[in-house]
Amino acid sequence: MMMPCAKPSVLICRLQRALLTAALILCCLVPPIFAQDALAPLAQPEPRPMPSSLMVEGGLRLETYFPSLIQAGAGLLRLSGDGIQGADFSFRGETGAFFPVEGDGWYALVRADMDTAARNYELAVRAQSDAGAVTFSRDLRVDPAGYILQRMTLAGERAYLVDREIEEAEFATLAALTRSQQPEALWDTAGFELPLQSALATPFGAFRILNEERETRHTGWDQLAAVGTPIRALAAGEVLFADRLEIRGNTVILDHGHGLYSAYAHFSELQVAVGMRVAAGQIIGLSGNTGRSSGPHLHWEVVLRGEWIDGLVFLDMWLPV
Ligand SMILES: [Zn+2]
């Protein structure tokens with residue numbers, strides 16, 4: 001049984017993208033205004049939104065909280081019913097486990113990466129309950145994200161950072177750091193917020209040509225930030241990495257649990273250490289211009305189970321705690 005979409009979060013996301021694109025154009029013309037001291041208070045806990053779809057099999061309910069995914073998008077699944085002992089999903093060749101939330105149900109985040117072809121894919125869910133095994137199967141559509149092309153020039157002493165081997169070595173470092181999955185959620189009811197209030201510049205997923213020779217992808221979002229601007233944690237988590245990388249410069253990586261990570265690059269100063277717990281919105285460092293950067297800005301990115309996800313998806317996503 002399918003219910004109509006009660007909360008068109010993808011439409012909101014697309015509207016947000018259109019506004020951000022307009023902001024991107026504007027930010028090229030207008031110097032950003034930095035207003036860290038005027039940050040809005042963190043969001044209060046919200047009630048769980050209405051699901052976008054519902055399937056019922058063997059006395060169990062499978063809900064989705066998104067009508068479709070976009071490339072490099074993520075969406076929340078909820079499984080509920082009596083006597084559930086465990087469940088896993090498979091989607092686009094990836095298999096993962098649902099995690100329980102006490103007194104609520106079982107949840108999983110499904111994802112598409114930035115190179116996922118836009119079409120329908122089968123989502124299969126296998127649950128084990130006291131009454132036996134229950135299987136769900138349905139199609140999930142992945143929509144195109146409409147990535148832009150950007151040409152970028154790095155001159156002088158940083159020009160060597162366009163090197164493919166340096167970038168691939170850094171990707172391998174990031175992959176090794178974010179390979180594990182904390183078995184609990186470290187985010188809290190504050191959810192996810194932008195790391196600073198300033199114009200969004202280069203968008204996630206952009207195809208990039210560096211110095212007219214090297215093709216690569218933009219793995220996060222850039223936000224304009226004068227050197228020394230305080231940068232805040234997107235969500236509550238634990239500091240996994242706080243050190244220098246070749247391309248990202250001085251970098252902080254936060255572990256938010258269940259394979260979800262956020263990273264913040266090009267800092268002038270790191271203000272956290274590995275192992276520290278940070279609250280959502282806590283200042284973790286000061287922005288800068290270190291690493292492969294052509295001017296002062298913040299680059300931030302989100303990884304879910306080893307794939308870069310468009311972090312904006314998490315800003316309006318309700319997550320169980
Ligand atoms: Zn960037």
# chains A, B, ... in the order shown; residues from 1 in each chain; ligands from 1

call {"tool": "residues_near_ligand", "arguments": {"ligand": "ligand 1", "cutoff": "10 Å", "atoms": "only C-alpha atoms and all ligand atoms", "output": "tab-separated table (two decimals) with N, CA and C atoms, in the first residue's frame"}}
result
chain	number	residue	atom	x	y	z
A	201	ALA	N	29.14	28.60	-1.87
A	201	ALA	CA	29.85	28.84	-3.14
A	201	ALA	C	29.80	27.54	-3.95
A	202	THR	N	30.94	27.01	-4.36
A	202	THR	CA	30.91	25.84	-5.25
A	202	THR	C	30.07	24.71	-4.66
A	203	PRO	N	29.09	24.22	-5.44
A	203	PRO	CA	28.21	23.19	-4.89
A	203	PRO	C	28.82	21.80	-4.91
A	204	PHE	N	28.22	20.94	-4.12
A	204	PHE	CA	28.59	19.53	-4.06
A	204	PHE	C	28.50	18.89	-5.45
A	205	GLY	N	29.43	18.01	-5.72
A	205	GLY	CA	29.34	17.17	-6.92
A	205	GLY	C	29.84	17.81	-8.19
A	206	ALA	N	30.22	19.10	-8.15
A	206	ALA	CA	30.64	19.78	-9.38
A	206	ALA	C	31.76	19.01	-10.07
A	217	ARG	N	36.15	15.64	-9.02
A	217	ARG	CA	34.82	16.01	-8.56
A	217	ARG	C	34.93	16.79	-7.26
A	218	HIS	N	33.96	17.65	-7.02
A	218	HIS	CA	33.91	18.39	-5.77
A	218	HIS	C	33.11	17.55	-4.77
A	219	THR	N	33.76	17.15	-3.69
A	219	THR	CA	33.16	16.17	-2.80
A	219	THR	C	32.35	16.78	-1.66
A	220	GLY	N	32.24	18.11	-1.65
A	220	GLY	CA	31.46	18.75	-0.58
A	220	GLY	C	30.93	20.09	-1.05
A	221	TRP	N	30.62	20.94	-0.11
A	221	TRP	CA	30.18	22.31	-0.39
A	221	TRP	C	31.26	23.28	0.07
A	222	ASP	N	31.40	24.39	-0.66
A	222	ASP	CA	32.28	25.47	-0.21
A	222	ASP	C	31.41	26.60	0.30
A	223	GLN	N	31.85	27.20	1.39
A	223	GLN	CA	31.20	28.41	1.90
A	223	GLN	C	32.27	29.48	2.08
A	248	ARG	N	43.19	18.95	1.63
A	248	ARG	CA	42.21	19.60	2.51
A	248	ARG	C	42.87	20.53	3.52
A	264	TYR	N	35.68	18.97	7.60
A	264	TYR	CA	35.78	20.43	7.46
A	264	TYR	C	37.24	20.72	7.12
A	265	ALA	N	37.46	21.47	6.04
A	265	ALA	CA	38.82	21.58	5.51
A	265	ALA	C	39.29	23.03	5.40
A	266	HIS	N	40.60	23.15	5.19
A	266	HIS	CA	41.30	24.42	4.95
A	266	HIS	C	41.37	25.32	6.19
A	292	ARG	N	44.77	22.67	-0.81
A	292	ARG	CA	44.48	23.04	-2.19
A	292	ARG	C	43.31	24.00	-2.21
A	293	SER	N	43.61	25.25	-1.97
A	293	SER	CA	42.58	26.28	-1.84
A	293	SER	C	43.06	27.51	-2.60
A	297	HIS	N	38.18	30.07	2.44
A	297	HIS	CA	36.83	29.52	2.43
A	297	HIS	C	36.79	28.27	3.30
A	298	LEU	N	35.59	27.81	3.56
A	298	LEU	CA	35.41	26.52	4.23
A	298	LEU	C	34.92	25.51	3.20
A	299	HIS	N	35.56	24.35	3.15
A	299	HIS	CA	35.04	23.21	2.40
A	299	HIS	C	34.54	22.21	3.44
A	300	TRP	N	33.28	21.80	3.31
A	300	TRP	CA	32.78	20.76	4.23
A	300	TRP	C	32.09	19.67	3.43
A	301	GLU	N	32.14	18.47	3.97
A	301	GLU	CA	31.62	17.33	3.22
A	301	GLU	C	31.06	16.28	4.18

call {"tool": "residues_around", "arguments": {"residues": "Val278 in chain A", "least_positions_apart": "2", "cutoff": "7 Å", "atoms": "only C-alpha atoms", "output": "compact mmCIF listing (two decimals) with N, CA, C and O atoms, in the first residue's frame"}}
result
# COMPACT_ATOMS: atom_id res chain seq x y z
N ALA A 236 26.10 16.75 16.52
CA ALA A 236 26.86 16.17 17.62
C ALA A 236 27.64 14.96 17.12
O ALA A 236 27.16 14.22 16.25
N GLY A 237 28.82 14.76 17.68
CA GLY A 237 29.63 13.62 17.25
C GLY A 237 30.92 13.55 18.03
O GLY A 237 31.08 14.20 19.05
N GLU A 238 31.83 12.74 17.50
CA GLU A 238 33.13 12.55 18.15
C GLU A 238 34.23 12.88 17.14
O GLU A 238 34.12 12.52 15.97
N MET A 276 37.57 13.79 21.30
CA MET A 276 36.65 14.71 21.98
C MET A 276 35.22 14.52 21.48
O MET A 276 35.00 14.31 20.29
N ALA A 280 26.33 19.59 18.71
CA ALA A 280 25.91 20.24 17.46
C ALA A 280 26.13 21.74 17.61
O ALA A 280 25.75 22.33 18.62
N GLN A 282 28.91 23.29 18.06
CA GLN A 282 30.11 23.66 18.81
C GLN A 282 31.21 24.10 17.86
O GLN A 282 31.39 23.51 16.79

call {"tool": "residues_around", "arguments": {"residues": "Ala273 in chain A", "least_positions_apart": "2", "cutoff": "9 Å", "atoms": "only C-alpha atoms", "output": "number ranges by chain"}}
result
A: 239-243, 252, 270-271, 275-276

call {"tool": "write_last_selection", "arguments": {"atoms": "N, CA, C and O atoms", "output": "compact mmCIF listing (two decimals), in the first residue's frame"}}
result
# COMPACT_ATOMS: atom_id res chain seq x y z
N VAL A 239 35.27 13.54 17.61
CA VAL A 239 36.36 13.94 16.71
C VAL A 239 37.18 12.69 16.34
O VAL A 239 37.75 12.03 17.20
N LEU A 240 37.20 12.40 15.05
CA LEU A 240 37.91 11.23 14.54
C LEU A 240 39.30 11.62 14.05
O LEU A 240 40.24 10.83 14.10
N PHE A 241 39.44 12.86 13.56
CA PHE A 241 40.69 13.31 12.94
C PHE A 241 40.78 14.81 13.11
O PHE A 241 39.77 15.52 12.90
N ALA A 242 41.93 15.30 13.49
CA ALA A 242 42.17 16.75 13.58
C ALA A 242 43.64 16.96 13.27
O ALA A 242 44.49 16.95 14.16
N ASP A 243 43.94 17.14 12.01
CA ASP A 243 45.33 17.20 11.60
C ASP A 243 45.40 17.77 10.18
O ASP A 243 44.37 18.12 9.60
N VAL A 252 39.25 18.76 10.14
CA VAL A 252 38.59 18.05 11.24
C VAL A 252 37.58 17.08 10.62
O VAL A 252 36.83 17.45 9.71
N LEU A 270 42.92 24.54 14.33
CA LEU A 270 42.07 23.46 14.83
C LEU A 270 41.81 23.68 16.32
O LEU A 270 42.73 24.01 17.05
N GLN A 271 40.58 23.50 16.76
CA GLN A 271 40.29 23.75 18.17
C GLN A 271 39.70 22.53 18.87
O GLN A 271 39.06 22.65 19.91
N GLY A 275 39.10 12.19 19.66
CA GLY A 275 38.47 11.57 20.82
C GLY A 275 37.50 12.47 21.56
O GLY A 275 36.70 12.00 22.36
N MET A 276 37.57 13.79 21.30
CA MET A 276 36.65 14.71 21.98
C MET A 276 35.22 14.52 21.48
O MET A 276 35.00 14.31 20.29

call {"tool": "atom_distance", "arguments": {"atom1": "CA of Gly156 in chain A", "atom2": "CA of Thr251 in chain A"}}
result
22.3 Å

call {"tool": "residues_around", "arguments": {"residues": "range 168-171 of chain A", "least_positions_apart": "4", "cutoff": "9 Å", "atoms": "only C-alpha atoms", "output": "ChimeraX atom specification"}}
result
/A:163-164,175-176,245-248

call {"tool": "closest_residue", "arguments": {"among": "A:Gly259, A:Gly86, A:Gly96, A:Gly73", "to": "Gln181 in chain A", "atoms": "only C-alpha atoms"}}
result
A:Gly259

call {"tool": "residues_around", "arguments": {"residues": "Leu260 in chain A", "least_positions_apart": "2", "cutoff": "7 Å", "atoms": "only C-alpha atoms", "output": "PyMOL selection string"}}
result
chain A and resi 255-258+303-305

call {"tool": "write_last_selection", "arguments": {"atoms": "C-alpha atoms", "output": "mmCIF file, in the first residue's frame"}}
result
data_model
loop_
_atom_site.group_PDB
_atom_site.id
_atom_site.type_symbol
_atom_site.label_atom_id
_atom_site.label_comp_id
_atom_site.auth_asym_id
_atom_site.auth_seq_id
_atom_site.Cartn_x
_atom_site.Cartn_y
_atom_site.Cartn_z
ATOM 1 C CA ASP A 255 32.036 10.697 13.474
ATOM 2 C CA HIS A 256 28.253 10.938 13.906
ATOM 3 C CA GLY A 257 27.657 7.188 14.218
ATOM 4 C CA HIS A 258 26.177 4.524 11.920
ATOM 5 C CA VAL A 303 30.351 10.690 4.052
ATOM 6 C CA LEU A 304 27.846 7.910 4.618
ATOM 7 C CA ARG A 305 29.257 4.375 4.628
#

call {"tool": "residues_around", "arguments": {"residues": "Leu109 in chain A", "least_positions_apart": "3", "cutoff": "7 Å", "atoms": "only C-alpha atoms", "output": "ChimeraX atom specification"}}
result
/A:74-77

call {"tool": "write_last_selection", "arguments": {"atoms": "C-alpha atoms", "output": "mmCIF file, in the first residue's frame"}}
result
data_model
loop_
_atom_site.group_PDB
_atom_site.id
_atom_site.type_symbol
_atom_site.label_atom_id
_atom_site.label_comp_id
_atom_site.auth_asym_id
_atom_site.auth_seq_id
_atom_site.Cartn_x
_atom_site.Cartn_y
_atom_site.Cartn_z
ATOM 1 C CA ALA A 74 20.216 9.659 1.397
ATOM 2 C CA GLY A 75 16.830 8.682 2.755
ATOM 3 C CA LEU A 76 15.457 7.267 5.981
ATOM 4 C CA LEU A 77 13.626 3.934 6.263
#

call {"tool": "closest_residue", "arguments": {"among": "A:Ala235, A:Ile84, A:Val56, A:Leu69", "to": "Ala117 in chain A", "atoms": "only C-alpha atoms"}}
result
A:Leu69

call {"tool": "select_by_dssp", "arguments": {"residues": "range 85-218 of chain A", "states": "strand (DSSP E)", "output": "MDAnalysis selection string"}}
result
chainID A and resid 85:91 94:97 99:101 105:111 120:129 132:143 149:152 207:210 214:217

call {"tool": "closest_residue", "arguments": {"among": "A:Arg92, A:Arg119, A:Arg138, A:Arg111", "to": "Ser53 in chain A", "atoms": "only C-alpha atoms"}}
result
A:Arg138

call {"tool": "closest_residue", "arguments": {"among": "A:Pro47, A:Ser287, A:Phe207, A:Asp316", "to": "Ile148 in chain A", "atoms": "only C-alpha atoms"}}
result
A:Phe207

call {"tool": "closest_residue", "arguments": {"among": "A:Met152, A:Leu234, A:Leu286, A:Ala127", "to": "Gln85 in chain A", "atoms": "only C-alpha atoms"}}
result
A:Ala127

call {"tool": "atom_distance", "arguments": {"atom1": "CA of Phe91 in chain A", "atom2": "CA of Val110 in chain A"}}
result
7.2 Å

call {"tool": "select_by_dssp", "arguments": {"residues": "range 37-180 of chain A", "states": "helix (DSSP H, G or I)", "output": "JSON list (two decimals) with all heavy atoms, in the first residue's frame"}}
result
[["chain", "number", "residue", "atom", "x", "y", "z"],
["A", 37, "ASP", "N", 28.08, 35.59, 15.37],
["A", 37, "ASP", "CA", 27.50, 35.87, 16.68],
["A", 37, "ASP", "C", 25.98, 35.90, 16.62],
["A", 37, "ASP", "O", 25.30, 35.84, 17.64],
["A", 37, "ASP", "CB", 28.02, 37.20, 17.23],
["A", 37, "ASP", "CG", 29.50, 37.09, 17.54],
["A", 37, "ASP", "OD1", 29.97, 35.96, 17.80],
["A", 37, "ASP", "OD2", 30.19, 38.11, 17.51],
["A", 38, "ALA", "N", 25.45, 36.01, 15.39],
["A", 38, "ALA", "CA", 24.00, 36.12, 15.25],
["A", 38, "ALA", "C", 23.39, 34.81, 14.78],
["A", 38, "ALA", "O", 22.31, 34.79, 14.23],
["A", 38, "ALA", "CB", 23.67, 37.24, 14.28],
["A", 156, "GLY", "N", 51.40, 28.94, -8.73],
["A", 156, "GLY", "CA", 52.46, 29.12, -7.74],
["A", 156, "GLY", "C", 52.77, 27.85, -6.97],
["A", 156, "GLY", "O", 52.71, 26.74, -7.50],
["A", 157, "GLU", "N", 53.05, 28.03, -5.68],
["A", 157, "GLU", "CA", 53.56, 26.91, -4.88],
["A", 157, "GLU", "C", 52.51, 25.84, -4.61],
["A", 157, "GLU", "O", 52.85, 24.76, -4.15],
["A", 157, "GLU", "CB", 54.14, 27.43, -3.56],
["A", 157, "GLU", "CG", 53.11, 28.13, -2.69],
["A", 157, "GLU", "CD", 53.73, 28.71, -1.43],
["A", 157, "GLU", "OE1", 54.96, 28.87, -1.38],
["A", 157, "GLU", "OE2", 52.96, 29.00, -0.50],
["A", 158, "ARG", "N", 51.22, 26.12, -4.90],
["A", 158, "ARG", "CA", 50.20, 25.09, -4.66],
["A", 158, "ARG", "C", 49.85, 24.32, -5.94],
["A", 158, "ARG", "O", 49.05, 23.39, -5.89],
["A", 158, "ARG", "CB", 48.92, 25.72, -4.12],
["A", 158, "ARG", "CG", 49.15, 26.49, -2.83],
["A", 158, "ARG", "CD", 47.84, 26.79, -2.14],
["A", 158, "ARG", "NE", 48.01, 27.91, -1.22],
["A", 158, "ARG", "CZ", 47.20, 28.19, -0.22],
["A", 158, "ARG", "NH1", 46.14, 27.44, 0.00],
["A", 158, "ARG", "NH2", 47.41, 29.21, 0.56],
["A", 159, "ALA", "N", 50.44, 24.69, -7.05],
["A", 159, "ALA", "CA", 50.06, 24.06, -8.33],
["A", 159, "ALA", "C", 50.31, 22.55, -8.31],
["A", 159, "ALA", "O", 49.60, 21.78, -8.96],
["A", 159, "ALA", "CB", 50.82, 24.72, -9.48],
["A", 160, "TYR", "N", 51.29, 22.11, -7.53],
["A", 160, "TYR", "CA", 51.60, 20.66, -7.50],
["A", 160, "TYR", "C", 50.44, 19.85, -6.94],
["A", 160, "TYR", "O", 50.34, 18.64, -7.15],
["A", 160, "TYR", "CB", 52.89, 20.41, -6.70],
["A", 160, "TYR", "CG", 52.70, 20.41, -5.20],
["A", 160, "TYR", "CD1", 52.54, 19.22, -4.50],
["A", 160, "TYR", "CD2", 52.67, 21.62, -4.48],
["A", 160, "TYR", "CE1", 52.37, 19.21, -3.12],
["A", 160, "TYR", "CE2", 52.50, 21.63, -3.11],
["A", 160, "TYR", "CZ", 52.34, 20.42, -2.44],
["A", 160, "TYR", "OH", 52.17, 20.42, -1.08],
["A", 161, "LEU", "N", 49.50, 20.51, -6.23],
["A", 161, "LEU", "CA", 48.39, 19.79, -5.59],
["A", 161, "LEU", "C", 47.30, 19.35, -6.58],
["A", 161, "LEU", "O", 46.33, 18.72, -6.18],
["A", 161, "LEU", "CB", 47.78, 20.66, -4.48],
["A", 161, "LEU", "CG", 48.69, 20.84, -3.25],
["A", 161, "LEU", "CD1", 48.10, 21.89, -2.31],
["A", 161, "LEU", "CD2", 48.89, 19.51, -2.53],
["A", 162, "VAL", "N", 47.47, 19.67, -7.86],
["A", 162, "VAL", "CA", 46.52, 19.13, -8.85],
["A", 162, "VAL", "C", 46.90, 17.68, -9.19],
["A", 162, "VAL", "O", 46.14, 16.99, -9.87],
["A", 162, "VAL", "CB", 46.46, 19.97, -10.16],
["A", 162, "VAL", "CG1", 46.10, 21.40, -9.86],
["A", 162, "VAL", "CG2", 47.76, 19.86, -10.94],
["A", 164, "ARG", "N", 47.27, 13.85, -9.57],
["A", 164, "ARG", "CA", 46.28, 12.79, -9.34],
["A", 164, "ARG", "C", 46.69, 11.87, -8.19],
["A", 164, "ARG", "O", 45.86, 11.48, -7.37],
["A", 164, "ARG", "CB", 46.11, 11.96, -10.62],
["A", 164, "ARG", "CG", 45.07, 10.84, -10.51],
["A", 164, "ARG", "CD", 44.94, 10.06, -11.79],
["A", 164, "ARG", "NE", 44.57, 10.90, -12.91],
["A", 164, "ARG", "CZ", 43.32, 11.32, -13.17],
["A", 164, "ARG", "NH1", 42.34, 10.94, -12.37],
["A", 164, "ARG", "NH2", 43.07, 12.08, -14.20],
["A", 165, "GLU", "N", 47.97, 11.54, -8.12],
["A", 165, "GLU", "CA", 48.41, 10.61, -7.07],
["A", 165, "GLU", "C", 48.22, 11.19, -5.68],
["A", 165, "GLU", "O", 47.85, 10.49, -4.73],
["A", 165, "GLU", "CB", 49.88, 10.22, -7.29],
["A", 165, "GLU", "CG", 50.05, 9.23, -8.43],
["A", 165, "GLU", "CD", 51.48, 8.73, -8.56],
["A", 165, "GLU", "OE1", 52.27, 8.92, -7.60],
["A", 165, "GLU", "OE2", 51.79, 8.16, -9.61],
["A", 166, "ILE", "N", 48.45, 12.49, -5.55],
["A", 166, "ILE", "CA", 48.26, 13.12, -4.23],
["A", 166, "ILE", "C", 46.79, 13.04, -3.84],
["A", 166, "ILE", "O", 46.45, 12.71, -2.70],
["A", 166, "ILE", "CB", 48.75, 14.60, -4.27],
["A", 166, "ILE", "CG1", 50.26, 14.65, -4.45],
["A", 166, "ILE", "CG2", 48.31, 15.33, -2.99],
["A", 166, "ILE", "CD1", 50.82, 16.05, -4.62],
["A", 167, "GLU", "N", 45.90, 13.32, -4.81],
["A", 167, "GLU", "CA", 44.47, 13.28, -4.50],
["A", 167, "GLU", "C", 44.01, 11.85, -4.18],
["A", 167, "GLU", "O", 43.25, 11.62, -3.24],
["A", 167, "GLU", "CB", 43.65, 13.85, -5.65],
["A", 167, "GLU", "CG", 42.17, 13.94, -5.31],
["A", 167, "GLU", "CD", 41.45, 14.96, -6.18],
["A", 167, "GLU", "OE1", 41.26, 14.69, -7.38],
["A", 167, "GLU", "OE2", 41.10, 16.03, -5.66],
["A", 168, "GLU", "N", 44.48, 10.89, -4.96],
["A", 168, "GLU", "CA", 44.06, 9.50, -4.72],
["A", 168, "GLU", "C", 44.59, 9.00, -3.38],
["A", 168, "GLU", "O", 43.90, 8.25, -2.67],
["A", 168, "GLU", "CB", 44.48, 8.61, -5.89],
["A", 168, "GLU", "CG", 43.61, 8.91, -7.11],
["A", 168, "GLU", "CD", 43.96, 8.07, -8.33],
["A", 168, "GLU", "OE1", 44.95, 7.33, -8.28],
["A", 168, "GLU", "OE2", 43.22, 8.17, -9.33],
["A", 169, "ALA", "N", 45.78, 9.42, -3.00],
["A", 169, "ALA", "CA", 46.32, 9.02, -1.69],
["A", 169, "ALA", "C", 45.46, 9.62, -0.57],
["A", 169, "ALA", "O", 45.18, 8.97, 0.44],
["A", 169, "ALA", "CB", 47.77, 9.49, -1.55],
["A", 170, "GLU", "N", 45.00, 10.86, -0.79],
["A", 170, "GLU", "CA", 44.16, 11.49, 0.24],
["A", 170, "GLU", "C", 42.79, 10.81, 0.31],
["A", 170, "GLU", "O", 42.25, 10.62, 1.40],
["A", 170, "GLU", "CB", 44.02, 12.99, -0.03],
["A", 170, "GLU", "CG", 43.28, 13.71, 1.09],
["A", 170, "GLU", "CD", 43.65, 15.17, 1.17],
["A", 170, "GLU", "OE1", 44.85, 15.50, 1.13],
["A", 170, "GLU", "OE2", 42.73, 16.00, 1.27],
["A", 171, "PHE", "N", 42.24, 10.47, -0.85],
["A", 171, "PHE", "CA", 40.96, 9.73, -0.85],
["A", 171, "PHE", "C", 41.11, 8.41, -0.08],
["A", 171, "PHE", "O", 40.22, 8.01, 0.68],
["A", 171, "PHE", "CB", 40.49, 9.43, -2.27],
["A", 171, "PHE", "CG", 39.96, 10.63, -3.03],
["A", 171, "PHE", "CD1", 39.74, 10.56, -4.39],
["A", 171, "PHE", "CD2", 39.67, 11.81, -2.37],
["A", 171, "PHE", "CE1", 39.24, 11.65, -5.10],
["A", 171, "PHE", "CE2", 39.17, 12.92, -3.06],
["A", 171, "PHE", "CZ", 38.97, 12.83, -4.43],
["A", 172, "ALA", "N", 42.26, 7.75, -0.26],
["A", 172, "ALA", "CA", 42.50, 6.47, 0.43],
["A", 172, "ALA", "C", 42.59, 6.70, 1.94],
["A", 172, "ALA", "O", 42.08, 5.90, 2.74],
["A", 172, "ALA", "CB", 43.77, 5.81, -0.10],
["A", 173, "THR", "N", 43.24, 7.80, 2.34],
["A", 173, "THR", "CA", 43.32, 8.13, 3.77],
["A", 173, "THR", "C", 41.93, 8.36, 4.35],
["A", 173, "THR", "O", 41.58, 7.85, 5.42],
["A", 173, "THR", "CB", 44.18, 9.40, 3.96],
["A", 173, "THR", "OG1", 45.49, 9.13, 3.47],
["A", 173, "THR", "CG2", 44.26, 9.82, 5.42],
["A", 174, "LEU", "N", 41.11, 9.13, 3.62],
["A", 174, "LEU", "CA", 39.75, 9.40, 4.09],
["A", 174, "LEU", "C", 38.93, 8.11, 4.17],
["A", 174, "LEU", "O", 38.17, 7.90, 5.11],
["A", 174, "LEU", "CB", 39.05, 10.40, 3.16],
["A", 174, "LEU", "CG", 39.62, 11.82, 3.17],
["A", 174, "LEU", "CD1", 38.98, 12.65, 2.07],
["A", 174, "LEU", "CD2", 39.40, 12.49, 4.52],
["A", 175, "ALA", "N", 39.09, 7.26, 3.15],
["A", 175, "ALA", "CA", 38.34, 6.01, 3.13],
["A", 175, "ALA", "C", 38.72, 5.14, 4.32],
["A", 175, "ALA", "O", 37.86, 4.53, 4.97],
["A", 175, "ALA", "CB", 38.59, 5.26, 1.82],
["A", 176, "ALA", "N", 40.02, 5.10, 4.66],
["A", 176, "ALA", "CA", 40.48, 4.29, 5.79],
["A", 176, "ALA", "C", 39.92, 4.86, 7.10],
["A", 176, "ALA", "O", 39.50, 4.12, 7.99],
["A", 176, "ALA", "CB", 42.00, 4.24, 5.81],
["A", 177, "LEU", "N", 39.92, 6.19, 7.20],
["A", 177, "LEU", "CA", 39.45, 6.83, 8.44],
["A", 177, "LEU", "C", 37.96, 6.59, 8.66],
["A", 177, "LEU", "O", 37.50, 6.48, 9.80],
["A", 177, "LEU", "CB", 39.71, 8.34, 8.39],
["A", 177, "LEU", "CG", 41.15, 8.79, 8.64],
["A", 177, "LEU", "CD1", 41.33, 10.25, 8.21],
["A", 177, "LEU", "CD2", 41.50, 8.63, 10.12]]

call {"tool": "closest_residue", "arguments": {"among": "A:Met50, A:Ala155, A:Leu79, A:Ala124", "to": "Trp318 in chain A", "atoms": "only C-alpha atoms"}}
result
A:Met50

call {"tool": "residues_around", "arguments": {"residues": "Ala97 in chain A", "least_positions_apart": "3", "cutoff": "8 Å", "atoms": "only C-alpha atoms", "output": "VMD selection string"}}
result
chain A and resid 86 to 89 108

call {"tool": "decode", "arguments": {"residues": "range 270-281 of chain A", "atoms": "N, CA, C and O atoms", "output": "short mmCIF file (atom, residue, chain, number, x, y, z; two decimals), in the first residue's frame"}}
result
data_model
loop_
_atom_site.label_atom_id
_atom_site.label_comp_id
_atom_site.auth_asym_id
_atom_site.auth_seq_id
_atom_site.Cartn_x
_atom_site.Cartn_y
_atom_site.Cartn_z
N LEU A 270 42.92 24.54 14.33
CA LEU A 270 42.07 23.46 14.83
C LEU A 270 41.81 23.68 16.32
O LEU A 270 42.73 24.01 17.05
N GLN A 271 40.58 23.50 16.76
CA GLN A 271 40.29 23.75 18.17
C GLN A 271 39.70 22.53 18.87
O GLN A 271 39.06 22.65 19.91
N VAL A 272 39.89 21.36 18.27
CA VAL A 272 39.45 20.11 18.90
C VAL A 272 40.57 19.08 18.74
O VAL A 272 41.49 19.28 17.94
N ALA A 273 40.47 18.01 19.49
CA ALA A 273 41.46 16.93 19.43
C ALA A 273 40.74 15.61 19.27
O ALA A 273 39.57 15.46 19.65
N VAL A 274 41.45 14.64 18.70
CA VAL A 274 40.87 13.32 18.45
C VAL A 274 40.30 12.74 19.75
O VAL A 274 40.94 12.80 20.81
N GLY A 275 39.10 12.19 19.66
CA GLY A 275 38.47 11.57 20.82
C GLY A 275 37.50 12.47 21.56
O GLY A 275 36.70 12.00 22.36
N MET A 276 37.57 13.79 21.30
CA MET A 276 36.65 14.71 21.98
C MET A 276 35.22 14.52 21.48
O MET A 276 35.00 14.31 20.29
N ARG A 277 34.26 14.60 22.37
CA ARG A 277 32.86 14.66 21.98
C ARG A 277 32.49 16.13 21.75
O ARG A 277 32.85 16.98 22.57
N VAL A 278 31.80 16.42 20.66
CA VAL A 278 31.38 17.79 20.40
C VAL A 278 29.86 17.83 20.26
O VAL A 278 29.22 16.86 19.82
N ALA A 279 29.30 18.96 20.66
CA ALA A 279 27.86 19.16 20.53
C ALA A 279 27.56 19.74 19.15
O ALA A 279 28.44 20.32 18.50
N ALA A 280 26.33 19.59 18.71
CA ALA A 280 25.91 20.24 17.46
C ALA A 280 26.13 21.74 17.61
O ALA A 280 25.75 22.33 18.62
N GLY A 281 26.77 22.35 16.62
CA GLY A 281 26.97 23.79 16.67
C GLY A 281 28.19 24.23 17.45
O GLY A 281 28.51 25.42 17.48
#
